[in-house]
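Dropping run_5.csv in here (CSV, C-alpha atoms):
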chain,number,residue,atom,x,y,z
K,59,MET,CA,24.9,-24.7,13.0
K,60,GLY,CA,28.6,-24.7,12.7
K,61,GLU,CA,30.5,-21.8,14.2
K,62,ASP,CA,33.7,-22.1,12.1
K,63,ILE,CA,32.6,-19.4,9.7
K,64,PRO,CA,32.3,-15.9,11.2
K,65,ALA,CA,28.9,-14.4,10.9
K,66,LYS,CA,30.4,-11.2,9.6
K,67,THR,CA,31.3,-13.0,6.3
K,68,GLY,CA,27.6,-13.4,5.6
K,69,LEU,CA,28.2,-17.2,5.4
K,70,ILE,CA,27.3,-20.1,7.6
K,71,LYS,CA,28.0,-23.8,7.5
K,72,GLY,CA,25.0,-25.9,8.1
K,73,ASP,CA,24.6,-29.2,9.8
K,74,ASP,CA,24.6,-30.7,6.3
K,75,GLY,CA,28.1,-29.5,5.8
K,76,ILE,CA,27.1,-27.0,3.1
K,77,THR,CA,28.3,-23.4,3.2
K,78,ARG,CA,25.6,-20.9,2.2
K,79,CYS,CA,24.5,-17.4,2.8
K,80,SER,CA,23.8,-16.9,6.5
K,81,TRP,CA,20.3,-15.3,6.3
K,82,PRO,CA,18.3,-18.6,6.1
K,83,GLY,CA,19.8,-19.7,9.4
K,84,ALA,CA,18.8,-23.2,10.4
K,85,LEU,CA,15.2,-22.9,9.2
K,86,PRO,CA,14.4,-25.7,6.7
K,87,GLU,CA,11.8,-23.7,4.7
K,88,TYR,CA,14.2,-20.8,4.5
K,89,ILE,CA,17.1,-23.0,3.5
K,90,HIS,CA,15.0,-24.6,0.7
K,91,TYR,CA,14.0,-21.1,-0.5
K,92,HIS,CA,17.6,-20.0,-0.5
K,93,ASP,CA,18.9,-23.1,-2.3
K,94,HIS,CA,16.2,-23.6,-4.9
K,95,GLU,CA,14.6,-20.2,-5.6
K,96,TRP,CA,16.3,-17.1,-4.4
K,97,GLY,CA,18.5,-15.6,-7.2
K,98,ARG,CA,17.6,-18.0,-9.9
K,99,PRO,CA,16.5,-16.3,-13.1
K,100,VAL,CA,12.7,-16.1,-13.5
K,101,THR,CA,10.9,-15.2,-16.7
K,102,ASP,CA,7.4,-16.4,-15.8
K,103,ASP,CA,5.0,-13.4,-15.7
K,104,THR,CA,2.9,-14.9,-12.9
K,105,ARG,CA,5.8,-15.4,-10.6
K,106,LEU,CA,7.2,-12.0,-11.3
K,107,PHE,CA,3.9,-10.4,-10.5
K,108,GLU,CA,3.4,-12.6,-7.5
K,109,LYS,CA,6.8,-11.4,-6.1
K,110,VAL,CA,5.9,-7.7,-6.5
K,111,CYS,CA,2.6,-8.4,-4.6
K,112,LEU,CA,4.3,-10.4,-1.8
K,113,GLU,CA,7.0,-7.8,-1.4
K,114,GLY,CA,4.3,-5.3,-0.9
K,115,PHE,CA,2.6,-7.4,1.7
K,116,GLN,CA,6.0,-7.9,3.4
K,117,SER,CA,6.4,-4.2,4.1
K,118,GLY,CA,7.0,-3.9,7.8
K,119,LEU,CA,7.3,-7.6,8.2
K,120,SER,CA,9.9,-10.4,7.6
K,121,TRP,CA,10.1,-12.3,4.4
K,122,LEU,CA,9.9,-15.5,6.4
K,123,THR,CA,6.4,-14.5,7.6
K,124,ILE,CA,5.3,-14.1,4.0
K,125,LEU,CA,7.0,-17.3,2.8
K,126,ARG,CA,5.1,-19.3,5.4
K,127,LYS,CA,1.9,-17.8,4.2
K,128,ARG,CA,2.7,-17.9,0.5
K,129,GLU,CA,0.4,-20.9,-0.3
K,130,ASN,CA,-2.4,-19.2,1.5
K,131,PHE,CA,-1.8,-16.1,-0.6
K,132,ARG,CA,-1.7,-18.1,-3.8
K,133,GLU,CA,-5.0,-19.7,-3.0
K,134,ALA,CA,-6.6,-16.4,-2.0
K,135,PHE,CA,-5.4,-14.5,-5.0
K,136,ASP,CA,-6.2,-17.0,-7.8
K,137,GLY,CA,-2.6,-18.1,-8.1
K,138,PHE,CA,-1.6,-14.4,-8.6
K,139,ASP,CA,-3.1,-14.4,-12.1
K,140,TYR,CA,-3.0,-10.7,-12.7
K,141,ARG,CA,-5.7,-10.9,-15.3
K,142,LYS,CA,-8.1,-12.3,-12.7
K,143,ILE,CA,-7.0,-10.0,-9.9
K,144,ALA,CA,-7.5,-7.0,-12.1
K,145,ARG,CA,-11.3,-7.8,-12.1
K,146,TYR,CA,-11.5,-8.0,-8.3
K,147,THR,CA,-14.3,-5.9,-6.8
K,148,ASP,CA,-15.1,-4.6,-3.3
K,149,LYS,CA,-16.6,-8.0,-2.6
K,150,ASP,CA,-13.2,-9.6,-3.2
K,151,VAL,CA,-11.5,-7.1,-1.0
K,152,GLU,CA,-13.9,-7.9,1.9
K,153,ARG,CA,-13.3,-11.6,1.2
K,154,LEU,CA,-9.6,-11.2,1.5
K,155,LEU,CA,-9.9,-9.1,4.6
K,156,GLY,CA,-11.7,-12.0,6.2
K,157,ASN,CA,-9.0,-14.5,5.3
K,158,ALA,CA,-6.9,-15.2,8.4
K,159,GLY,CA,-4.3,-17.1,6.3
K,160,ILE,CA,-2.9,-14.0,4.7
K,161,ILE,CA,-1.9,-10.5,5.8
K,162,ARG,CA,-5.2,-8.6,6.2
K,163,HIS,CA,-4.2,-5.1,5.3
K,164,ARG,CA,-6.7,-3.2,3.1
K,165,GLY,CA,-4.1,-0.9,1.6
K,166,LYS,CA,-1.9,-3.8,0.6
K,167,ILE,CA,-4.8,-5.7,-0.8
K,168,ASN,CA,-5.9,-2.7,-2.8
K,169,SER,CA,-2.3,-2.3,-4.0
K,170,ALA,CA,-2.3,-5.8,-5.4
K,171,ILE,CA,-5.5,-5.1,-7.3
K,172,ASN,CA,-4.1,-1.8,-8.6
K,173,ASN,CA,-0.9,-3.4,-9.7
K,174,ALA,CA,-2.8,-6.1,-11.5
K,175,ASN,CA,-4.5,-3.4,-13.6
K,176,ARG,CA,-1.1,-1.7,-14.2
K,177,ALA,CA,0.3,-5.1,-15.2
K,178,LEU,CA,-2.3,-5.4,-17.9
K,179,GLU,CA,-1.3,-2.0,-19.3
K,180,LEU,CA,2.4,-3.0,-19.1
K,181,VAL,CA,1.9,-6.3,-21.0
K,182,LYS,CA,-0.1,-4.4,-23.7
K,183,GLU,CA,2.9,-2.0,-24.1
K,184,THR,CA,5.9,-4.3,-23.6
K,185,GLY,CA,4.6,-7.7,-24.5
K,186,SER,CA,5.2,-9.3,-21.1
K,187,ILE,CA,6.0,-8.5,-17.5
K,188,ALA,CA,9.2,-10.5,-17.9
K,189,ALA,CA,10.4,-8.4,-20.9
K,190,TYR,CA,9.8,-5.2,-18.9
K,191,PHE,CA,11.6,-6.3,-15.7
K,192,TRP,CA,14.5,-7.9,-17.5
K,193,SER,CA,15.1,-4.7,-19.4
K,194,PHE,CA,16.2,-3.4,-16.0
K,195,GLU,CA,18.9,-6.0,-15.5
K,196,PRO,CA,21.8,-3.9,-14.3
K,197,PRO,CA,24.9,-3.4,-16.5
K,198,ALA,CA,28.1,-4.9,-15.4
K,199,GLU,CA,29.6,-1.6,-14.4
K,200,GLU,CA,26.8,-1.1,-11.8
K,201,ARG,CA,27.6,-4.4,-10.1
K,202,PRO,CA,30.2,-4.9,-7.4
K,203,LYS,CA,33.3,-6.7,-8.4
K,204,THR,CA,32.9,-8.9,-5.3
K,205,VAL,CA,29.6,-9.7,-3.7
K,206,ASP,CA,30.5,-9.8,0.0
K,207,TYR,CA,28.5,-9.3,3.1
K,208,ALA,CA,29.7,-5.7,3.7
K,209,THR,CA,28.7,-4.7,0.2
K,210,LEU,CA,25.2,-6.1,0.5
K,211,ILE,CA,24.6,-4.5,3.9
K,212,ALA,CA,25.8,-1.1,2.7
K,213,ASN,CA,23.7,-1.2,-0.5
K,214,PRO,CA,20.0,-2.1,0.2
K,215,THR,CA,19.2,-0.3,-3.1
K,216,SER,CA,21.0,0.1,-6.4
K,217,PRO,CA,21.0,2.7,-9.2
K,218,THR,CA,18.9,0.3,-11.3
K,219,SER,CA,16.4,-0.4,-8.5
K,220,VAL,CA,16.0,3.4,-8.1
K,221,ARG,CA,15.3,3.7,-11.9
K,222,LEU,CA,12.9,0.7,-11.8
K,223,SER,CA,11.0,2.1,-8.8
K,224,LYS,CA,10.7,5.5,-10.4
K,225,ASP,CA,9.4,4.0,-13.7
K,226,LEU,CA,6.9,1.8,-12.0
K,227,LYS,CA,5.6,4.6,-9.8
K,228,LYS,CA,5.2,6.8,-12.9
K,229,ARG,CA,3.1,4.0,-14.4
K,230,GLY,CA,0.9,4.0,-11.3
K,231,TRP,CA,2.2,0.9,-9.4
K,232,SER,CA,2.3,1.0,-5.6
K,233,PHE,CA,4.5,-0.5,-2.9
K,234,VAL,CA,7.4,-0.5,-5.3
K,235,GLY,CA,10.1,1.6,-3.5
K,236,PRO,CA,13.8,1.2,-4.4
K,237,THR,CA,14.5,-1.2,-1.6
K,238,THR,CA,11.5,-3.3,-2.4
K,239,MET,CA,12.5,-3.4,-6.0
K,240,TYR,CA,16.1,-4.4,-5.2
K,241,ALA,CA,14.8,-7.3,-3.1
K,242,HIS,CA,12.7,-8.2,-6.1
K,243,MET,CA,15.7,-8.1,-8.4
K,244,GLN,CA,17.7,-10.3,-6.0
K,245,ALA,CA,15.0,-12.9,-5.6
K,246,MET,CA,14.1,-13.1,-9.3
K,247,GLY,CA,17.6,-13.4,-10.5
K,248,LEU,CA,18.2,-10.1,-12.2
K,249,VAL,CA,21.2,-10.0,-10.0
K,250,ASN,CA,23.2,-12.7,-8.2
K,251,ASP,CA,23.6,-11.6,-4.6
K,252,HIS,CA,24.6,-14.9,-3.1
K,253,VAL,CA,27.7,-14.1,-1.2
K,254,GLU,CA,31.1,-15.3,-2.5
K,255,GLY,CA,31.6,-18.7,-0.9
K,256,CYS,CA,28.0,-19.7,-0.9
K,257,LYS,CA,27.3,-23.0,-2.6
K,258,CYS,CA,24.7,-21.4,-4.8
K,259,ARG,CA,26.7,-18.6,-6.2
K,260,GLN,CA,28.6,-20.4,-8.9
K,261,GLU,CA,25.6,-22.5,-9.8
K,262,ILE,CA,23.6,-19.4,-10.5
K,263,GLU,CA,26.5,-17.7,-12.3
K,264,ALA,CA,26.6,-20.7,-14.7
K,265,THR,CA,22.8,-20.5,-15.1
K,266,ARG,CA,22.9,-16.8,-15.9
K,267,ALA,CA,25.7,-17.3,-18.4
K,268,SER,CA,23.4,-19.5,-20.6
K,269,PHE,CA,20.1,-17.9,-19.6
K,270,LYS,CA,18.1,-16.4,-22.5
K,271,ARG,CA,16.8,-13.0,-21.6
K,272,PRO,CA,13.2,-12.3,-22.6
K,273,LYS,CA,12.6,-9.5,-25.1

In structure tokens, how does this file's structure come out?
Amino acid sequence: MGEDIPAKTGLIKGDDGITRCSWPGALPEYIHYHDHEWGRPVTDDTRLFEKVCLEGFQSGLSWLTILRKRENFREAFDGFDYRKIARYTDKDVERLLGNAGIIRHRGKINSAINNANRALELVKETGSIAAYFWSFEPPAEERPKTVDYATLIANPTSPTSVRLSKDLKKRGWSFVGPTTMYAHMQAMGLVNDHVEGCKCRQEIEATRASFKRPK
């Protein structure tokens, strides 16, 4: 890793000569996730539901741990098809608890099943998971004028993520605290929190400018 960009800027220059957010470090799978997924707008209901579940499993752990197990999770949880997960029984819970390829935590597994049932209710009411989550895209006045490292460190939540968390909890969802929901918003592109100077920031700004929000 290059040392010409101070870590305090939240940027790092890789061996490939590209300047990006510093959090992926030099880890190839993390760099790929940063460059090709994180912050890019998502409207697919399955991916949005998957991220809620995986954020729940991440609680107390690093996202890298979850990312490295993501394919195992997808296989174990029927590709995060919430319609299938909603039908899981105690037998499925025991099956998942015996799967060494995922995080074997009964409370988090039960949370995923609970949230799948809540997702069914949400889709019946709003039409899609995407339409619901994108209705919480924060207005411009709630966004920082400049996305820099200091701002991100100082704001692990946002007014919108607090509102989203409260609404989901009211609907019976679990493992959906304000910090978790802000991480979800960052990852799914409801906000662009690539630091100014990161090679992805302007790409995603352009994508967001032409992006058709689900309704």

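Look at Tyr91 of chain K: the protein and nucleic acid residues within 12 Å of it, using all atoms listed in the file and passing over chain neighbours fewer than 2 places away, are Arg78, Cys79, Trp81, Pro82, Gly83, Leu85, Pro86, Glu87, Tyr88, Ile89, Asp93, His94, Glu95, Trp96, Gly97, Arg98, Trp121, Leu122, Leu125, Arg126, Arg128, Ala245, Met246 and Cys258 of chain K.
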
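If you measure from each of K:Pro202, K:Glu195, K:Phe107, K:Asn168 to Val181 of chain K using only C-alpha atoms, the closest one turns out to be K:Phe107.
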
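For the pair atom CA of Thr265 of chain K and atom CA of Asp139 of chain K, the interatomic distance is 26.8 Å.
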
### Task
Please provide as number ranges by chain all residues within 6 Å of segment 226-240 of chain K, with the sequence filter that same-chain residues fewer than 3 positions apart are discarded (counting all atoms listed in the file).
K: 114, 169, 173, 214-215, 219-220, 223, 243

### Task
Kindly provide, as a PyMOL selection string, the polymer residues lying within 12 Å of (18.9, -14.1, -13.1), counting all atoms listed in the file and using the coordinates exactly as they appear in the file.
chain K and resi 95-101+188+191-196+242-252+259+261-272

### Query
Residues at most 10 Å from Thr104 of chain K, counting all atoms listed in the file, excluding those fewer than 5 positions away in the same chain, as a ChimeraX atom specification?
/K:109,137-141,187-188

### Query
Which residues come within 7 Å of Ala174 of chain K, counting only C-alpha atoms, excluding same-chain residues fewer than 2 positions away, as a ChimeraX atom specification?
/K:140-141,143-144,170-172,176-178

### Query
atom CA of Ala241 of chain K to atom CA of Lys203 of chain K: how many Å, to one decimal?
19.3 Å

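Across the model, the gap from atom CA of Leu222 of chain K to atom CA of Asp103 of chain K is 16.6 Å.
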
#### Entry: Spatial neighbours of segment 156-166 of chain K, 6 Å, all atoms listed in the file, chain gap at least 3 places, as a VMD selection string
chain K and resid 115 130 to 131 153 169

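Distances here use all atoms listed in the file; by that measure, the residue among K:Val205, K:Leu106, K:Leu154, K:Ala212 closest to Leu69 of chain K is K:Val205.
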
### Message
Here is a test: counting all atoms listed in the file, which residue of K:Asp74, K:Asp136, K:Asp102, K:Asp148 is nearest to Tyr190 of chain K?
### Response
K:Asp102
